[in-house]
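Structure first, commentary second.
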Amino acid sequence: MPLEISAVKSADLRKVYRGKEEVVALKGVSIEVGKGELFTLLGPNGAGKTTFLRIICTQLFPTAGDAEVMGYDVVSEADEVRRQIAMVPQDAATYNNFTPWDYAYYFARLRDIAPSEARQRAEMALRAVDLWDLKDRTCQTLSGGVRRRAIIASVLSSNAQVLMLDEPTSGLDAVARRGVWSALRDLVKQGKTILLTTHLMEEADIVSDRLAIINRGNVVAFGRPDEIKGLMKEKFRVIISGDFVPSSTFGEVTKLGDRNIVYVKTQDEALDVLKASLKMNLHAEVSPVTLEDAFVRLVGKVEQP
Amino acid sequence: MRITKIAKDTFIIAWIKSYPDFRRNPLQLTLIFMVSGVPLFFMLMSSSGSNTLANGLVGAMISSVAFIGVSAGVQDISWDRYVKIREMIVAMPVHPVSYALGVALAPLLFSIPSLVFYGILLAYLGFFTATTVAWIVPALIIVWAATSSMGFMISTYLFKASWMVLNNLGTLLGIGFVFVPPVYYSEAQLGNWSWLSVVIPTSNAAGLIRSDVGLLPISMGTTILRWAVLIMTTVVFITLTFAKAKWREK
């Protein structure tokens with residue numbers, strides 16, 4: 001169903017990299033991101049997430065199809081689009097002699113924000129990523145995760161309406177990652193739109209309002225995290241440690257070395273599997289299916305050695 | 001985009017590209033830029049006479065702005081691509097002209113002490129007066145604009161080049177613009193081929209500065225013609241840059 005007001009919209013977006021070998025990175029991606037929502041592009045490496053984001057960010061021309069941000073076309077109205085967006089590229093490194101303050105303050109200044117307001121925004125951004133106490137340390141003296149947060153602060157201090165972050169938390173520890181999630185959700189609460197790419201399932205599940213799973217240049221699923229999980233016919237999973245011999249009456253079993261994940265449709269079935277494993281003196285744990293289960297089911301099976 | 005916004009962004013980028021480094025190593029950076037023209041002194045040591053020294057000093061002035069123009073374009077912008085700052089700036093409301101000029105302006109700020117130093121030496125040798133500054137400064141700015149825009153354009157075509165290639169290319173271009181043409185030496189040494197120096201902005205500017213300080217006799221008509229050529233070649237370089245530079249990737 002089309003959204004009433006969309007911040008980002010793509011229709012049949014295609015991208016072909018021409019070189020010695022032709023690589024089709026996007027095969028007609030149509031996505032609509034509503035204003036004020038956090039939308040995640042989830043996909044395996046090489047799925048086309050970054051290519052999509054780079055086209056939306058006006059860094060890359062599409063081969064075919066249309067894309068717009070806040071109603072502006074990314075090809076013909078790139079200047080307008082750039083006023084609406086701020087982005088953090090994947091694997092961005094830092095200038096050694098830059099400080100977190102330099103990132104937050106000077107990038108705000110490049111957005112035509114007056115010095116006094118830029119200072120306020122920089123402080124807000126640095127506090128949001130818990131870098132205020134380290135604001136004057138040069139990046140070469142900071143850990144990789146802290147540097148990453150400094151780059152994220154450069155986006156948080158902007159006045160852009162749509163923030164695009166390409167795997168912003170990769171390389172961050174769990175505490176720092178949650179700090180970034182918290183900052184992102186605060187921004188959504190303030191009315192910002194966020195387009196995020198990640199291959200971290202927990203991140204996609206916790207922070208996203210909606211998400212799209214991209215695989216090999218195609219959108220294979222689209223919706224809220226619970227809707228994506230709902231695409232699986234099984235609703236529960238039982239993780240069993242040890243050599244478990246599943247009965248043919250059980251649901252699908254995924255073997256991960258000496259661990260087995262048994263997928264079942266109902267709580268009663270889960271209980272049956274639990275009893276069976278306990279009879280074999282094996283440790284078992286029941287939980288609802290996760291986004292990762294749905295993702296693996298949609299994108300591909302786990303490769304067995 | 002408004003001209004004032006382009007100008008303001010140019011200075012912010014120049015500040016970003018210079019101040020954090022300067023803040024950390026002020027003396028080291030100033031000294032490095034001051035001695036960047038030192039190779040010429042090896043050439044000068046082997047000869048004698050104040051004219052040769054003065055010719056070399058003019059060359060050093062041109063070198064201070066031209067070499068950084070080309071290398072800023074090729075090496076610094078490529079570094080920005082590596083750390084992905086460039087990607088962030090492309091996605092911002094920043095004009096490519098602001099970026100190219102800002103990147104090239106940063107090392108120019110560091111070069112000011114060396115330019116002053118070379119000027120003082122020229123004045124000591126009796127080739128430099130206050131009135132000549134009015135001609136030398138615009139000539140240096142034009143050369144800087146021409147070489148930095150060319151460096152920027154080249155960098156935009158080298159998306160996939162390795163860091164090693166870019167480093168060497170920056171050096172090669174610097175040599176091509178500064179050491180091969182008559183920048184450090186007088187164009188008179190080219191004999192019948194001296195006209196070639198007019199079409200290259202670096203050697204043309206060097207000739208004009210030499211004429212200005214009395215090292216090279218050029219008629220008034222030729223001087224005007226050469227200024228026109230210098231401005232035109234620079235306009236062509238800049239136009240070519242912003243018509244052909246690949247700011248967004250295909």
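Letters A, B, ... go to the chains of the structure tokens in the order shown; residues in each chain start at 1; ligands are counted from 1 in the same order.
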
For chain A, work out the contacting residues on chain B at 9 Å, counting only C-alpha atoms, and write them as an MDAnalysis selection string. chainID B and resid 1 5 8:9 12:13 16 20:21 23:24 80 82:85 87:95 247:250

When DSSP is applied to the backbone of this structure, which of region 163-299 of chain A are assigned strand (DSSP E)? Write them out as a ChimeraX atom specification. /A:163-166,193-198,210-215,218-223,236-241,253-256,259-264,284-288

Residues just named, written with C-alpha atoms as a compact mmCIF listing (two decimals), in the first residue's frame:
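Below you can see out_39.txt, which holds the result:
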# COMPACT_ATOMS: atom_id res chain seq x y z
CA LEU A 163 19.80 10.32 7.43
CA MET A 164 21.41 7.45 5.58
CA LEU A 165 23.77 5.18 7.40
CA ASP A 166 25.58 2.36 5.67
CA THR A 193 13.71 9.71 8.57
CA ILE A 194 16.51 7.17 8.73
CA LEU A 195 17.54 4.74 6.03
CA LEU A 196 19.92 2.18 7.42
CA THR A 197 21.74 -0.75 5.94
CA THR A 198 22.95 -3.60 8.07
CA ARG A 210 10.05 -1.48 8.68
CA LEU A 211 12.68 -3.24 6.63
CA ALA A 212 13.35 -4.74 3.26
CA ILE A 213 15.43 -7.83 2.74
CA ILE A 214 17.56 -7.52 -0.37
CA ASN A 215 19.27 -10.45 -1.98
CA ASN A 218 16.12 -8.03 -5.56
CA VAL A 219 13.80 -7.18 -2.70
CA VAL A 220 12.71 -10.56 -1.36
CA ALA A 221 10.67 -9.35 1.61
CA PHE A 222 9.28 -6.08 2.84
CA GLY A 223 7.46 -5.07 6.04
CA PHE A 236 8.93 -21.46 17.36
CA ARG A 237 12.38 -22.90 17.34
CA VAL A 238 14.08 -25.33 19.69
CA ILE A 239 17.85 -25.17 19.92
CA ILE A 240 19.25 -28.52 21.02
CA SER A 241 22.86 -29.10 22.07
CA VAL A 253 15.81 -29.09 11.26
CA THR A 254 18.92 -27.01 10.66
CA LYS A 255 22.13 -28.67 11.76
CA LEU A 256 24.95 -26.42 12.94
CA ARG A 259 23.77 -28.01 17.56
CA ASN A 260 20.36 -28.49 15.97
CA ILE A 261 17.64 -25.95 15.44
CA VAL A 262 14.22 -27.52 15.10
CA TYR A 263 11.49 -25.28 13.72
CA VAL A 264 7.91 -26.01 14.77
CA ALA A 284 17.23 -27.67 24.79
CA GLU A 285 15.84 -24.16 24.67
CA VAL A 286 12.59 -22.89 23.12
CA SER A 287 12.09 -19.41 21.73
CA PRO A 288 10.03 -17.69 19.06

Output as a PyMOL selection string all residues of region 6-181 of chain B that backbone DSSP marks as helix (DSSP H, G or I). chain B and resi 6-24+26-34+39-45+50-83+85-90+96-124+130-156+163-179

Please provide the set of residues having any atom within 9 Å of Ala11 (chain A), restricted to only C-alpha atoms, with same-chain residues fewer than 5 positions apart removed, written as a ChimeraX atom specification. /A:28-32,65-67

Between CA of Asp76 (chain B) and CA of Ala7 (chain B), measure the distance and give it in Å to one decimal.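 Taking CA of Asp76 (chain B) and CA of Ala7 (chain B), their separation equals 20.0 Å.
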
Determine, counting only C-alpha atoms, which protein, DNA and RNA residues have an atom within 9 Å of an atom of region 201-210 of chain B; residues of the same chain fewer than 2 positions away are not included. Present the result as a PyMOL selection string. chain B and resi 54-55+58-59+61-63+66+127+132+135-136+139-140+142-144+146-147+177-178+181-184+186-187+196-199+212-218+223+226-227+229-231+233-234

Just write the chosen residues, C-alpha atoms, as an mmCIF file, in the first residue's frame.
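Contents of part_14.cif, as written:
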data_model
loop_
_atom_site.group_PDB
_atom_site.id
_atom_site.type_symbol
_atom_site.label_atom_id
_atom_site.label_comp_id
_atom_site.auth_asym_id
_atom_site.auth_seq_id
_atom_site.Cartn_x
_atom_site.Cartn_y
_atom_site.Cartn_z
ATOM 1 C CA ALA B 54 66.991 34.759 -8.942
ATOM 2 C CA ASN B 55 65.686 32.573 -11.803
ATOM 3 C CA VAL B 58 61.110 32.610 -9.249
ATOM 4 C CA GLY B 59 60.855 28.909 -10.088
ATOM 5 C CA MET B 61 57.696 30.470 -6.013
ATOM 6 C CA ILE B 62 55.848 28.892 -8.924
ATOM 7 C CA SER B 63 56.747 25.447 -7.659
ATOM 8 C CA ALA B 66 51.854 24.636 -8.765
ATOM 9 C CA PHE B 127 65.028 41.877 -8.042
ATOM 10 C CA THR B 132 56.144 43.974 -8.474
ATOM 11 C CA TRP B 135 51.790 41.394 -10.503
ATOM 12 C CA ILE B 136 53.423 38.419 -8.862
ATOM 13 C CA ALA B 139 50.245 35.305 -11.418
ATOM 14 C CA LEU B 140 50.750 32.861 -8.547
ATOM 15 C CA ILE B 142 46.238 31.965 -11.495
ATOM 16 C CA VAL B 143 48.854 29.210 -11.650
ATOM 17 C CA TRP B 144 47.489 27.706 -8.456
ATOM 18 C CA ALA B 146 44.999 26.165 -13.141
ATOM 19 C CA THR B 147 47.072 23.370 -11.640
ATOM 20 C CA PHE B 177 54.298 21.145 -14.787
ATOM 21 C CA VAL B 178 57.230 22.453 -12.766
ATOM 22 C CA PRO B 181 59.156 23.494 -18.607
ATOM 23 C CA PRO B 182 61.225 26.658 -18.021
ATOM 24 C CA VAL B 183 60.038 27.352 -14.514
ATOM 25 C CA TYR B 184 63.301 26.996 -12.589
ATOM 26 C CA SER B 186 64.945 30.938 -18.005
ATOM 27 C CA GLU B 187 62.937 30.235 -21.145
ATOM 28 C CA LEU B 196 56.399 26.698 -25.887
ATOM 29 C CA SER B 197 56.712 28.143 -22.404
ATOM 30 C CA VAL B 198 53.793 30.463 -23.125
ATOM 31 C CA VAL B 199 51.232 27.668 -23.508
ATOM 32 C CA ASP B 212 58.309 41.878 -13.911
ATOM 33 C CA VAL B 213 61.409 41.676 -11.719
ATOM 34 C CA GLY B 214 63.678 42.551 -14.669
ATOM 35 C CA LEU B 215 65.189 39.135 -15.324
ATOM 36 C CA LEU B 216 63.667 38.650 -18.781
ATOM 37 C CA PRO B 217 63.214 41.397 -21.340
ATOM 38 C CA ILE B 218 59.680 41.186 -22.780
ATOM 39 C CA THR B 223 53.475 40.936 -21.790
ATOM 40 C CA ARG B 226 51.107 36.508 -22.308
ATOM 41 C CA TRP B 227 48.781 37.612 -19.502
ATOM 42 C CA VAL B 229 47.173 33.534 -22.680
ATOM 43 C CA LEU B 230 47.758 32.768 -18.985
ATOM 44 C CA ILE B 231 44.215 33.754 -18.078
ATOM 45 C CA THR B 233 44.647 28.689 -20.470
ATOM 46 C CA THR B 234 43.548 28.800 -16.843
#

Counting only C-alpha atoms, the residue of A:Ala183, A:Val289, A:Ile152, A:Leu200 that sits nearest Ser170 (chain A): A:Leu200

Excluding Ser208 (chain A) and residues on its chain fewer than 5 positions from it, collect all residues at most 10 Å away from it, counting only C-alpha atoms, and give them as a ChimeraX atom specification. /A:37-41,181,184-185,194-196,202-203,223-225

May I ask for the distance between CA of Ala106 (chain B) and CA of Thr30 (chain B), given in Å to one decimal place?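 Those two atoms sit 12.4 Å apart.
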
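Residues in contact with Arg119 (chain A) at 10 Å, where only C-alpha atoms are counted and same-chain residues fewer than 2 positions away are skipped, are listed as Trp101, Ala104, Tyr105, Tyr106, Ala108, Arg109, Ile113, Ala114, Pro115, Ser116, Glu117, Arg121, Ala122, Glu123, Met124, Ala125 and Ser157 of chain A.
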
Those residues you just picked out, can you put them in a file as a CSV table (one decimal), in the first residue's frame with N, CA and C atoms?
chain,number,residue,atom,x,y,z
A,101,TRP,N,35.1,16.5,17.8
A,101,TRP,CA,34.5,17.8,17.7
A,101,TRP,C,34.6,18.3,16.2
A,104,ALA,N,31.9,16.7,14.1
A,104,ALA,CA,30.5,17.1,14.4
A,104,ALA,C,30.3,18.6,14.0
A,105,TYR,N,31.3,19.4,14.3
A,105,TYR,CA,31.2,20.9,14.1
A,105,TYR,C,31.3,21.3,12.6
A,106,TYR,N,32.4,20.9,12.0
A,106,TYR,CA,32.7,21.4,10.7
A,106,TYR,C,31.7,20.8,9.6
A,108,ALA,N,28.7,20.2,10.2
A,108,ALA,CA,27.5,21.1,10.4
A,108,ALA,C,27.7,22.4,9.7
A,109,ARG,N,28.8,23.0,9.8
A,109,ARG,CA,29.1,24.3,9.1
A,109,ARG,C,29.0,24.2,7.6
A,113,ILE,N,25.0,25.9,8.4
A,113,ILE,CA,24.4,26.1,9.8
A,113,ILE,C,25.4,27.1,10.4
A,114,ALA,N,24.8,28.2,11.0
A,114,ALA,CA,25.6,29.2,11.7
A,114,ALA,C,26.4,28.7,12.8
A,115,PRO,N,27.6,29.3,13.0
A,115,PRO,CA,28.5,28.8,14.0
A,115,PRO,C,27.9,28.5,15.4
A,116,SER,N,27.1,29.4,15.9
A,116,SER,CA,26.6,29.2,17.3
A,116,SER,C,25.6,28.0,17.3
A,117,GLU,N,24.8,27.8,16.2
A,117,GLU,CA,23.9,26.7,16.1
A,117,GLU,C,24.7,25.4,15.9
A,121,ARG,N,24.6,22.0,18.0
A,121,ARG,CA,24.3,20.7,17.4
A,121,ARG,C,25.4,19.7,17.6
A,122,ALA,N,26.7,20.2,17.5
A,122,ALA,CA,27.8,19.3,17.7
A,122,ALA,C,27.8,18.8,19.1
A,123,GLU,N,27.5,19.6,20.0
A,123,GLU,CA,27.5,19.1,21.4
A,123,GLU,C,26.4,18.1,21.6
A,124,MET,N,25.2,18.3,21.0
A,124,MET,CA,24.1,17.4,21.1
A,124,MET,C,24.5,16.0,20.5
A,125,ALA,N,25.2,16.1,19.3
A,125,ALA,CA,25.5,14.9,18.6
A,125,ALA,C,26.6,14.1,19.3
A,157,SER,N,24.8,15.8,13.8
A,157,SER,CA,24.8,17.2,14.0
A,157,SER,C,24.2,18.0,12.8

Which residues are near Val74 (chain B)? Cut-off 7 Å, only C-alpha atoms, ignore same chain within fewer than 5 positions. Put them as a list in words.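 So the residues in contact are Gly151, Phe152, Ile154, Ser155, Leu166 and Gly170 of chain B.
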
Output the selection as an mmCIF file, in the first residue's frame - C-alpha atoms for each residue.
data_model
loop_
_atom_site.group_PDB
_atom_site.id
_atom_site.type_symbol
_atom_site.label_atom_id
_atom_site.label_comp_id
_atom_site.auth_asym_id
_atom_site.auth_seq_id
_atom_site.Cartn_x
_atom_site.Cartn_y
_atom_site.Cartn_z
ATOM 1 C CA GLY B 151 44.743 17.916 -10.475
ATOM 2 C CA PHE B 152 41.136 17.685 -9.319
ATOM 3 C CA ILE B 154 42.535 13.923 -13.077
ATOM 4 C CA SER B 155 41.718 12.600 -9.614
ATOM 5 C CA LEU B 166 48.313 7.997 -7.418
ATOM 6 C CA GLY B 170 51.109 13.256 -8.473
#

Tell me, in Å to one decimal, how far CA of Ser114 (chain B) is from CA of Val235 (chain B).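 Straight-line distance from CA of Ser114 (chain B) to CA of Val235 (chain B) works out to 26.7 Å.
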